[in-house]
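Have a look at final33.tsv; it's TSV, C-alpha atoms:
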chain	number	residue	atom	x	y	z
A	1	MET	CA	159.96	135.13	30.56
A	2	SER	CA	156.77	137.03	31.34
A	3	ILE	CA	155.41	139.66	33.70
A	4	ILE	CA	152.38	139.25	35.94
A	5	ILE	CA	150.52	142.49	36.73
A	6	TYR	CA	148.81	142.60	40.12
A	7	ALA	CA	147.62	146.15	40.43
A	8	ILE	CA	147.92	149.71	39.17
A	9	ALA	CA	148.54	152.51	41.64
A	10	GLU	CA	149.39	156.18	41.69
A	11	LEU	CA	153.15	156.72	41.90
A	12	TYR	CA	153.09	159.58	44.42
A	13	ASP	CA	150.70	157.61	46.62
A	14	LEU	CA	153.11	154.65	46.50
A	15	GLN	CA	156.23	156.75	47.17
A	16	SER	CA	154.68	158.64	50.08
A	17	ASN	CA	153.24	155.49	51.63
A	18	LYS	CA	155.05	154.55	54.80
A	19	THR	CA	153.03	151.50	55.77
A	20	LEU	CA	153.22	149.42	52.63
A	21	ASP	CA	155.90	146.79	53.19
A	22	PHE	CA	156.84	145.10	49.92
A	23	GLU	CA	159.49	143.01	51.62
A	24	ALA	CA	156.96	141.50	54.01
A	25	ILE	CA	154.61	140.71	51.12
A	26	ASN	CA	157.49	139.20	49.16
A	27	SER	CA	158.55	136.96	52.01
A	28	ASP	CA	154.93	135.90	52.75
A	29	SER	CA	154.20	134.99	49.16
A	30	ASN	CA	157.68	133.98	47.95
A	31	ILE	CA	157.14	136.32	45.04
A	32	GLU	CA	159.42	139.22	44.23
A	33	LEU	CA	157.28	142.27	43.59
A	34	GLU	CA	158.55	145.26	41.68
A	35	THR	CA	157.12	148.32	40.00
A	36	ILE	CA	157.11	149.66	36.44
A	37	GLN	CA	156.31	153.34	36.01
A	38	PHE	CA	154.81	155.59	33.42
A	39	ASP	CA	154.29	159.22	34.37
A	40	ASN	CA	152.25	159.23	37.61
A	41	LEU	CA	151.10	155.62	37.21
A	42	THR	CA	152.82	152.53	38.48
A	43	ALA	CA	152.16	148.87	37.81
A	44	ILE	CA	152.94	146.43	40.60
A	45	VAL	CA	154.31	143.32	38.94
A	46	SER	CA	156.41	140.20	39.33
A	47	ARG	CA	158.49	138.29	36.80
A	48	GLN	CA	158.39	134.60	36.00
A	49	ASP	CA	160.25	132.24	33.69
A	50	LYS	CA	157.13	130.70	32.18
A	51	ASN	CA	155.16	132.36	29.40
A	52	ASP	CA	151.80	131.30	30.75
A	53	ILE	CA	150.06	131.36	34.10
A	54	SER	CA	148.87	128.27	35.89
A	55	ILE	CA	145.21	128.12	36.82
A	56	ASN	CA	145.14	126.44	40.19
A	57	LYS	CA	143.52	127.32	43.50
A	58	GLU	CA	146.79	127.88	45.33
A	59	ASP	CA	148.16	130.37	42.78
A	60	VAL	CA	144.83	132.20	42.55
A	61	LEU	CA	144.78	132.55	46.35
A	62	THR	CA	148.38	133.81	46.41
A	63	TYR	CA	147.53	136.34	43.70
A	64	SER	CA	144.47	137.62	45.57
A	65	LYS	CA	146.35	137.69	48.88
A	66	ILE	CA	149.07	139.88	47.32
A	67	ILE	CA	146.44	142.28	45.97
A	68	GLU	CA	144.71	142.32	49.34
A	69	ASN	CA	147.94	143.13	51.18
A	70	ILE	CA	148.75	145.98	48.82
A	71	ALA	CA	145.18	147.32	48.97
A	72	GLN	CA	145.35	147.56	52.76
A	73	ASN	CA	147.81	150.42	52.41
A	74	LEU	CA	147.38	151.82	48.96
A	75	THR	CA	144.62	152.84	46.56
A	76	ILE	CA	144.87	150.36	43.73
A	77	LEU	CA	143.14	149.09	40.65
A	78	PRO	CA	143.32	145.34	41.13
A	79	MET	CA	144.03	143.45	37.93
A	80	ARG	CA	142.37	140.21	36.92
A	81	TYR	CA	144.20	136.98	37.61
A	82	ASN	CA	145.97	136.03	34.37
A	83	SER	CA	147.09	139.58	33.59
A	84	LEU	CA	150.23	138.48	31.86
A	85	VAL	CA	152.45	140.42	29.45
A	86	ALA	CA	155.73	139.67	27.72
A	87	SER	CA	157.88	142.71	28.51
A	88	ASP	CA	158.30	145.98	30.42
A	89	ASN	CA	157.37	147.81	27.23
A	90	GLU	CA	154.01	146.06	27.13
A	91	VAL	CA	153.31	147.16	30.70
A	92	ILE	CA	154.20	150.74	29.78
A	93	ASN	CA	152.01	150.41	26.71
A	94	ILE	CA	149.04	149.40	28.90
A	95	LEU	CA	149.68	152.33	31.26
A	96	THR	CA	149.92	154.73	28.30
A	97	LYS	CA	146.86	153.52	26.48
A	98	ASN	CA	144.70	153.50	29.60
A	99	TYR	CA	146.24	156.57	31.19
A	100	SER	CA	143.03	158.58	31.56
A	101	SER	CA	140.74	155.76	32.61
A	102	PHE	CA	143.28	154.45	35.17
A	103	ASN	CA	143.72	157.91	36.65
A	104	ASP	CA	139.96	158.53	36.77
A	105	ALA	CA	139.33	155.17	38.42
A	106	ILE	CA	142.06	155.72	41.00
A	107	LYS	CA	140.57	159.12	41.83
A	108	THR	CA	137.15	157.53	42.39
A	109	LEU	CA	138.61	154.84	44.60
A	110	TYR	CA	141.11	157.03	46.40
A	111	ASN	CA	141.36	156.21	50.09
A	112	LYS	CA	138.26	154.02	49.98
A	113	ASP	CA	137.64	150.37	50.78
A	114	GLU	CA	135.08	147.91	49.56
A	115	TYR	CA	132.83	146.10	52.04
A	116	SER	CA	130.24	143.41	51.57
A	117	ILE	CA	126.91	143.28	53.40
A	118	ARG	CA	124.76	140.17	53.24
A	119	PHE	CA	121.34	139.73	54.76
A	120	LEU	CA	120.51	136.17	55.54
A	121	SER	CA	117.05	135.13	56.41
A	122	SER	CA	115.06	132.05	57.06
A	123	TYR	CA	112.71	133.63	54.56
A	124	LYS	CA	110.33	130.71	54.82
A	125	ASN	CA	109.36	132.03	58.24
A	126	SER	CA	108.30	135.26	56.62
A	127	THR	CA	106.69	133.93	53.47
A	128	ASP	CA	105.51	130.43	54.37
A	129	ILE	CA	102.00	129.84	53.19
A	130	THR	CA	99.70	128.63	55.95
A	131	ILE	CA	97.12	125.88	55.37
A	132	LYS	CA	94.32	128.46	55.61
A	133	GLU	CA	96.03	130.64	53.01
A	134	LYS	CA	96.58	127.58	50.86
A	135	ASN	CA	92.86	126.87	50.69
A	136	GLU	CA	92.21	130.47	49.72
A	137	LEU	CA	94.96	130.51	47.11
A	138	VAL	CA	93.98	127.36	45.24
A	139	PRO	CA	92.10	128.38	42.09
A	140	ASP	CA	88.65	126.78	41.76
A	141	ILE	CA	89.71	124.94	38.61
A	142	LEU	CA	92.29	122.96	40.62
A	143	LYS	CA	89.89	121.87	43.35
A	144	GLY	CA	89.32	118.16	43.15
A	145	ASP	CA	90.95	114.89	44.12
A	146	SER	CA	92.24	113.49	40.83
A	147	SER	CA	95.96	112.72	40.80
A	148	SER	CA	96.47	115.39	38.11
A	149	LYS	CA	94.86	118.07	40.26
A	150	ILE	CA	96.69	117.07	43.43
A	151	TYR	CA	99.96	117.22	41.47
A	152	LEU	CA	99.10	120.64	40.04
A	153	ILE	CA	98.06	122.02	43.45
A	154	ASN	CA	101.49	121.15	44.84
A	155	LYS	CA	103.19	122.74	41.86
A	156	TYR	CA	100.97	125.81	42.15
A	157	MET	CA	101.77	126.25	45.85
A	158	HIS	CA	105.47	125.96	45.12
A	159	HIS	CA	105.06	128.57	42.40
A	160	LYS	CA	103.20	130.92	44.80
A	161	GLN	CA	105.88	130.39	47.45
A	162	GLU	CA	108.57	131.40	44.96
A	163	GLU	CA	106.58	134.45	43.94
A	164	LEU	CA	106.19	135.53	47.56
A	165	HIS	CA	109.90	135.06	48.14
A	166	THR	CA	110.82	137.17	45.10
A	167	GLN	CA	108.38	139.88	46.14
A	168	TYR	CA	109.71	139.86	49.72
A	169	GLN	CA	113.27	140.07	48.40
A	170	LYS	CA	112.43	143.03	46.15
A	171	GLU	CA	110.63	144.94	48.90
A	172	THR	CA	113.44	144.36	51.39
A	173	GLN	CA	116.03	145.42	48.81
A	174	GLU	CA	114.19	148.69	48.18
A	175	LYS	CA	114.09	149.46	51.92
A	176	ILE	CA	117.76	148.58	52.43
A	177	LYS	CA	118.78	150.60	49.39
A	178	SER	CA	117.38	153.79	50.84
A	179	GLU	CA	119.08	153.05	54.18
A	180	VAL	CA	122.50	152.28	52.67
A	181	GLU	CA	122.40	155.33	50.44
A	182	LYS	CA	122.45	157.43	53.58
A	183	ILE	CA	126.10	156.53	54.10
A	184	THR	CA	127.33	156.06	50.53
A	185	THR	CA	126.01	156.28	47.01
A	186	GLN	CA	128.62	153.82	45.76
A	187	VAL	CA	126.57	150.68	46.26
A	188	ILE	CA	126.10	147.68	44.01
A	189	PHE	CA	123.33	145.18	44.66
A	190	LYS	CA	124.35	141.74	43.46
A	191	LYS	CA	122.09	138.87	42.57
A	192	PRO	CA	121.75	136.77	45.72
A	193	LEU	CA	123.27	133.39	44.96
A	194	THR	CA	121.23	131.33	47.40
A	195	GLU	CA	117.60	131.49	48.54
A	196	ALA	CA	118.54	132.33	52.11
A	197	ILE	CA	120.57	135.37	51.07
A	198	ILE	CA	118.00	138.14	50.81
A	199	ILE	CA	120.43	140.97	50.15
A	200	ASP	CA	123.93	140.78	48.73
A	201	LEU	CA	125.51	144.17	48.29
A	202	VAL	CA	128.94	145.72	48.08
A	203	LEU	CA	129.73	149.32	48.91
A	204	LEU	CA	132.65	151.65	48.74
A	205	ILE	CA	133.41	153.93	51.67
A	206	GLU	CA	136.30	156.10	52.86
A	207	LYS	CA	138.83	154.19	54.99
A	208	GLU	CA	138.39	156.52	57.96
A	209	ARG	CA	134.62	155.90	58.01
A	210	LYS	CA	134.97	152.23	58.93
A	211	ASN	CA	133.59	152.77	62.45
A	212	GLU	CA	130.65	154.68	61.04
A	213	LEU	CA	129.92	151.72	58.79
A	214	LEU	CA	130.11	149.32	61.73
A	215	GLN	CA	127.63	151.45	63.66
A	216	PHE	CA	125.41	151.65	60.61
A	217	VAL	CA	125.32	147.86	60.23
A	218	SER	CA	124.66	147.43	63.93
A	219	ASP	CA	121.71	149.86	63.63
A	220	LEU	CA	120.47	148.00	60.56
A	221	GLN	CA	120.49	144.79	62.57
A	222	SER	CA	118.24	146.41	65.18
A	223	ILE	CA	115.85	147.56	62.46
A	224	TYR	CA	115.81	144.12	60.80
A	225	PRO	CA	116.08	141.61	63.65
A	226	GLN	CA	114.51	138.90	61.46
A	227	HIS	CA	117.67	138.85	59.31
A	228	ASN	CA	121.19	137.84	60.19
A	229	ILE	CA	123.50	140.49	58.84
A	230	LEU	CA	127.06	139.73	57.83
A	231	LEU	CA	129.54	142.55	57.17
A	232	THR	CA	132.91	141.63	55.69
A	233	GLY	CA	135.89	143.60	54.49
A	234	PRO	CA	137.82	145.65	53.78
A	235	TRP	CA	138.27	144.10	50.32
A	236	PRO	CA	140.22	145.39	47.34
A	237	PRO	CA	137.75	147.38	45.22
A	238	TYR	CA	137.08	144.52	42.78
A	239	ASN	CA	133.48	145.53	42.15
A	240	PHE	CA	134.21	149.22	41.71
A	241	ALA	CA	137.34	149.05	39.56
A	242	GLN	CA	135.84	147.35	36.57
A	243	ILE	CA	137.61	149.12	33.75
A	244	LYS	CA	138.25	147.85	30.26
A	245	VAL	CA	141.99	147.52	29.80
A	246	GLU	CA	143.04	148.37	26.24
B	1	MET	CA	136.93	133.37	54.28
B	2	ASP	CA	139.61	134.88	56.46
B	3	GLU	CA	138.07	135.25	59.93
B	4	ASN	CA	139.47	138.72	60.44
B	5	LYS	CA	137.49	139.86	57.41
B	6	ILE	CA	134.26	139.33	59.33
B	7	LEU	CA	133.48	142.64	60.97
B	8	PHE	CA	129.91	142.05	62.03
B	9	ILE	CA	127.91	138.90	62.33
B	10	ALA	CA	124.52	138.35	63.86
B	11	GLY	CA	122.55	135.25	64.61
B	12	SER	CA	123.67	131.76	63.85
B	13	ALA	CA	127.21	131.48	62.55
B	14	GLU	CA	126.38	127.96	61.33
B	15	GLU	CA	123.62	129.29	59.09
B	16	ILE	CA	125.95	131.86	57.59
B	17	ILE	CA	128.78	129.38	57.09
B	18	GLU	CA	126.34	126.95	55.44
B	19	GLU	CA	125.16	129.61	53.00
B	20	LEU	CA	128.66	130.81	52.19
B	21	GLU	CA	129.76	127.23	51.56
B	22	LYS	CA	127.06	126.98	48.88
B	23	ILE	CA	128.52	129.87	46.92
B	24	LYS	CA	132.12	128.66	47.01
B	25	PRO	CA	133.30	128.19	43.40
B	26	GLU	CA	133.99	124.48	43.91
B	27	ASN	CA	130.39	123.91	45.03
B	28	GLN	CA	128.85	125.62	42.05
B	29	GLY	CA	127.66	123.73	39.01
B	30	ARG	CA	130.15	123.49	36.21
B	31	ILE	CA	130.49	121.18	33.27
B	32	ASN	CA	133.78	119.44	33.90
B	33	ALA	CA	134.12	117.45	30.70
B	34	THR	CA	137.36	115.53	30.26
B	35	PRO	CA	138.26	112.81	27.72
B	36	GLU	CA	137.49	110.25	30.46
B	37	ASN	CA	134.06	111.52	31.44
B	38	VAL	CA	132.85	113.13	28.23
B	39	ASP	CA	129.68	110.96	28.19
B	40	SER	CA	128.49	111.97	31.64
B	41	GLY	CA	129.61	115.57	31.08
B	42	LEU	CA	127.53	115.73	27.93
B	43	ALA	CA	124.57	113.98	29.61
B	44	LYS	CA	124.73	116.53	32.41
B	45	LEU	CA	124.70	119.42	29.95
B	46	VAL	CA	121.82	117.98	27.90
B	47	LEU	CA	119.73	117.10	30.97
B	48	THR	CA	120.35	120.54	32.45
B	49	LEU	CA	118.93	122.13	29.31
B	50	ILE	CA	115.96	119.73	29.29
B	51	GLU	CA	115.33	120.53	32.96
B	52	LEU	CA	115.43	124.25	32.20
B	53	ILE	CA	112.86	123.81	29.42
B	54	ARG	CA	110.71	121.59	31.68
B	55	LYS	CA	110.70	124.24	34.38
B	56	LEU	CA	109.79	126.93	31.84
B	57	ILE	CA	106.87	124.79	30.65
B	58	GLU	CA	105.81	124.37	34.28
B	59	LYS	CA	105.96	128.14	34.88
B	60	GLN	CA	103.92	128.75	31.75
B	61	ALA	CA	101.35	126.23	32.95
B	62	MET	CA	101.07	128.01	36.31
B	63	ARG	CA	100.49	131.30	34.49
B	64	ARG	CA	97.71	129.70	32.46
B	65	ILE	CA	96.11	128.34	35.63
B	66	GLU	CA	96.26	131.81	37.17
B	67	GLY	CA	94.80	133.25	33.98
B	68	ASP	CA	91.82	130.92	34.41
B	69	SER	CA	91.99	130.05	30.72
B	70	LEU	CA	91.93	126.26	30.99
B	71	THR	CA	88.99	123.88	30.86
B	72	GLU	CA	88.53	120.98	33.27
B	73	GLU	CA	89.75	118.55	30.59
B	74	GLN	CA	92.80	120.65	29.80
B	75	ILE	CA	93.68	120.80	33.50
B	76	GLU	CA	93.56	117.00	33.75
B	77	ASN	CA	95.74	116.64	30.64
B	78	LEU	CA	98.18	119.28	31.83
B	79	GLY	CA	98.62	117.66	35.24
B	80	GLU	CA	99.19	114.25	33.70
B	81	THR	CA	101.66	115.59	31.12
B	82	LEU	CA	103.71	117.51	33.69
B	83	MET	CA	103.71	114.53	36.04
B	84	LYS	CA	104.94	112.17	33.29
B	85	LEU	CA	107.57	114.67	32.23
B	86	GLU	CA	108.87	114.93	35.79
B	87	ASN	CA	108.90	111.14	36.20
B	88	LYS	CA	110.81	110.76	32.94
B	89	MET	CA	113.39	113.26	34.15
B	90	GLU	CA	113.77	111.30	37.40
B	91	GLU	CA	114.43	108.14	35.35
B	92	LEU	CA	117.05	109.87	33.23
B	93	LYS	CA	118.75	111.32	36.31
B	94	LYS	CA	118.98	107.84	37.80
B	95	ILE	CA	120.42	106.39	34.57
B	96	PHE	CA	123.15	109.03	34.46
B	97	LYS	CA	123.61	109.08	38.26
B	98	LEU	CA	122.79	112.79	38.51
B	99	THR	CA	121.06	114.68	41.31
B	100	ASP	CA	118.97	117.87	41.20
B	101	LYS	CA	122.03	119.78	42.35
B	102	ASP	CA	123.98	118.52	39.33
B	103	LEU	CA	121.36	119.86	36.94
B	104	ASN	CA	122.34	123.46	37.21
B	105	LEU	CA	124.97	125.65	35.72
B	106	ASN	CA	126.73	128.51	37.38
B	107	LEU	CA	126.75	131.47	35.03
B	108	GLY	CA	129.14	133.54	37.10
B	109	PRO	CA	127.80	137.02	37.87
B	110	LEU	CA	124.44	136.08	36.34
B	111	GLY	CA	123.91	133.48	39.02
B	112	ASP	CA	122.60	129.98	38.47
B	113	LEU	CA	120.85	128.87	35.30
B	114	ILE	CA	117.96	127.33	37.24

Re-express the file's structure as structure tokens.
Amino acid sequence: MSIIIYAIAELYDLQSNKTLDFEAINSDSNIELETIQFDNLTAIVSRQDKNDISINKEDVLTYSKIIENIAQNLTILPMRYNSLVASDNEVINILTKNYSSFNDAIKTLYNKDEYSIRFLSSYKNSTDITIKEKNELVPDILKGDSSSKIYLINKYMHHKQEELHTQYQKETQEKIKSEVEKITTQVIFKKPLTEAIIIDLVLLIEKERKNELLQFVSDLQSIYPQHNILLTGPWPPYNFAQIKVE
Amino acid sequence: MDENKILFIAGSAEEIIEELEKIKPENQGRINATPENVDSGLAKLVLTLIELIRKLIEKQAMRRIEGDSLTEEQIENLGETLMKLENKMEELKKIFKLTDKDLNLNLGPLGDLI
């Protein structure tokens, strides 16, 4: 027998919440959710017969879907998949030991949602090196028609192209940063995972400011027509609730 | 991604979908060594590290070219060496049936190794 922890929430917030429907979540996921309290903190958990947790796509998706459903209505600290403990006492122990940091984190996240903004760009259009530029860029030492030099020229151009891309990415990030900070200071720039993603950021904003965010992104798109902007959310505050659980 | 999570999208949806597909966990490089494929799993890991070192050597060479610190003879030698190194890597990739895409490792939040 073991207990899976999905999220930590504030008890009063949970009790006063009229929109959170545990029964609907339970019937959607076939998982019986319940809560374990300590003082003003509550852990949203489920019980299972096994003592370990299976690592498969389906279970991971169910876990994240449950967290997402709860986060739509409640300020929560989402727990990592695989947050498994043996007993109610262990849950209470976690809530006790992390009492201050959980409360502080919940305060910071209170009534806020996480959104993701990605800027996609056919950056090659912006940083492609023209033939004329190529001739100017080639260092004198590489000019020649030996196979070694032709090989090195190609490598050198590729290297310059990468440099231009990185520079373009940095400059765009700086500009976007100052724009985004006009609506929230809780922004995290992530390392873009593909070349075409110029900006990959997540931000935290009050739930009631969703329309403001939409307008902001629409305005950004007018300022940067060369990029395709993608706004997604609201997401559970995964990137802003990174606390070390003792 | 759940469609109702997309709040704003501009330009080509295909381009965006294509990019998001690339960052799906199942499309990111991982060493999936099992008792059955331990040889190819190990080959993939070793070749990935060799490729990383080869690319670092290449970067260093480009810096030296930019620094204008190489003689004509050194340039010829450098070009030939890098070319042979790349050809050798191509041979090894063919032997172990690996592609460029395979020779990378996803380091989670740190991004890709190469």

Practice task
Find the residues of chain A in contact range of chain B, meaning any atom within 7 Å when counting all atoms listed in the file, and list them as JSON, numbers by chain.
Solution key: {"A": [141, 148, 149, 151, 152, 156, 191, 193, 228, 229, 230, 231, 232, 233, 234]}

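Relative to atom CA of B:Val46, atom CA of A:Ala196 is found at 28.3 Å.
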
Could you work out an axis-aligned box for stretch 90-93 of chain A, taking every atom the file lists and adding 6 Å on each side, and report centre and edge lengths in Å to one decimal, as JSON?
{"center_x": 153.1, "center_y": 148.4, "center_z": 28.7, "size_x": 14.2, "size_y": 16.7, "size_z": 16.0}

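Straight-line separation from atom CA of A:Glu246 to atom CA of A:Leu33: 23.3 Å.
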
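For the pair atom CA of B:Lys84 and atom CA of B:Leu103, the separation is 18.5 Å.
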
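Distance annotation: of B:Arg64, B:Lys55, B:Lys88, B:Lys97, the residue with the minimal separation from B:Gly41 is B:Lys97; atom set is all atoms listed in the file.
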
Problem - Nearby residues (all atoms listed in the file) at most 6 Å from stretch 4-16 of chain A, same-chain spacing under 4 positions excluded, as number ranges by chain - result: A: 40-46, 76-79, 83-84

Problem - Residue contacts of stretch 93-100 of chain A (10 Å, all atoms listed in the file) excluding same-chain residues fewer than 4 positions away, as a ChimeraX atom specification - result: /A:8,36-43,85,87-89,104-106,243-246

Practice task
Find the residues around A:Ile198 up to 8 Å (only C-alpha atoms counted), leave out those fewer than 6 positions away in its own chain, and share them as JSON, numbers by chain.
Solution key: {"A": [118, 119, 120, 121, 123, 169, 172, 173, 192]}

Those residues with C-alpha atoms, as a PDB file, in the coordinates of the input please?
ATOM      1  CA  ARG A 118     124.760 140.170  53.240  1.00  0.00           C
ATOM      2  CA  PHE A 119     121.340 139.730  54.760  1.00  0.00           C
ATOM      3  CA  LEU A 120     120.510 136.170  55.540  1.00  0.00           C
ATOM      4  CA  SER A 121     117.050 135.130  56.410  1.00  0.00           C
ATOM      5  CA  TYR A 123     112.710 133.630  54.560  1.00  0.00           C
ATOM      6  CA  GLN A 169     113.270 140.070  48.400  1.00  0.00           C
ATOM      7  CA  THR A 172     113.440 144.360  51.390  1.00  0.00           C
ATOM      8  CA  GLN A 173     116.030 145.420  48.810  1.00  0.00           C
ATOM      9  CA  PRO A 192     121.750 136.770  45.720  1.00  0.00           C
TER      10      PRO A 192
END

Exercise for the section: Skip A:Ser2 itself and residues of its chain fewer than 3 positions away, then list as a PyMOL selection string all residues within 8 Å of it, counting all atoms listed in the file. Expected result: chain A and resi 47-52+84-87
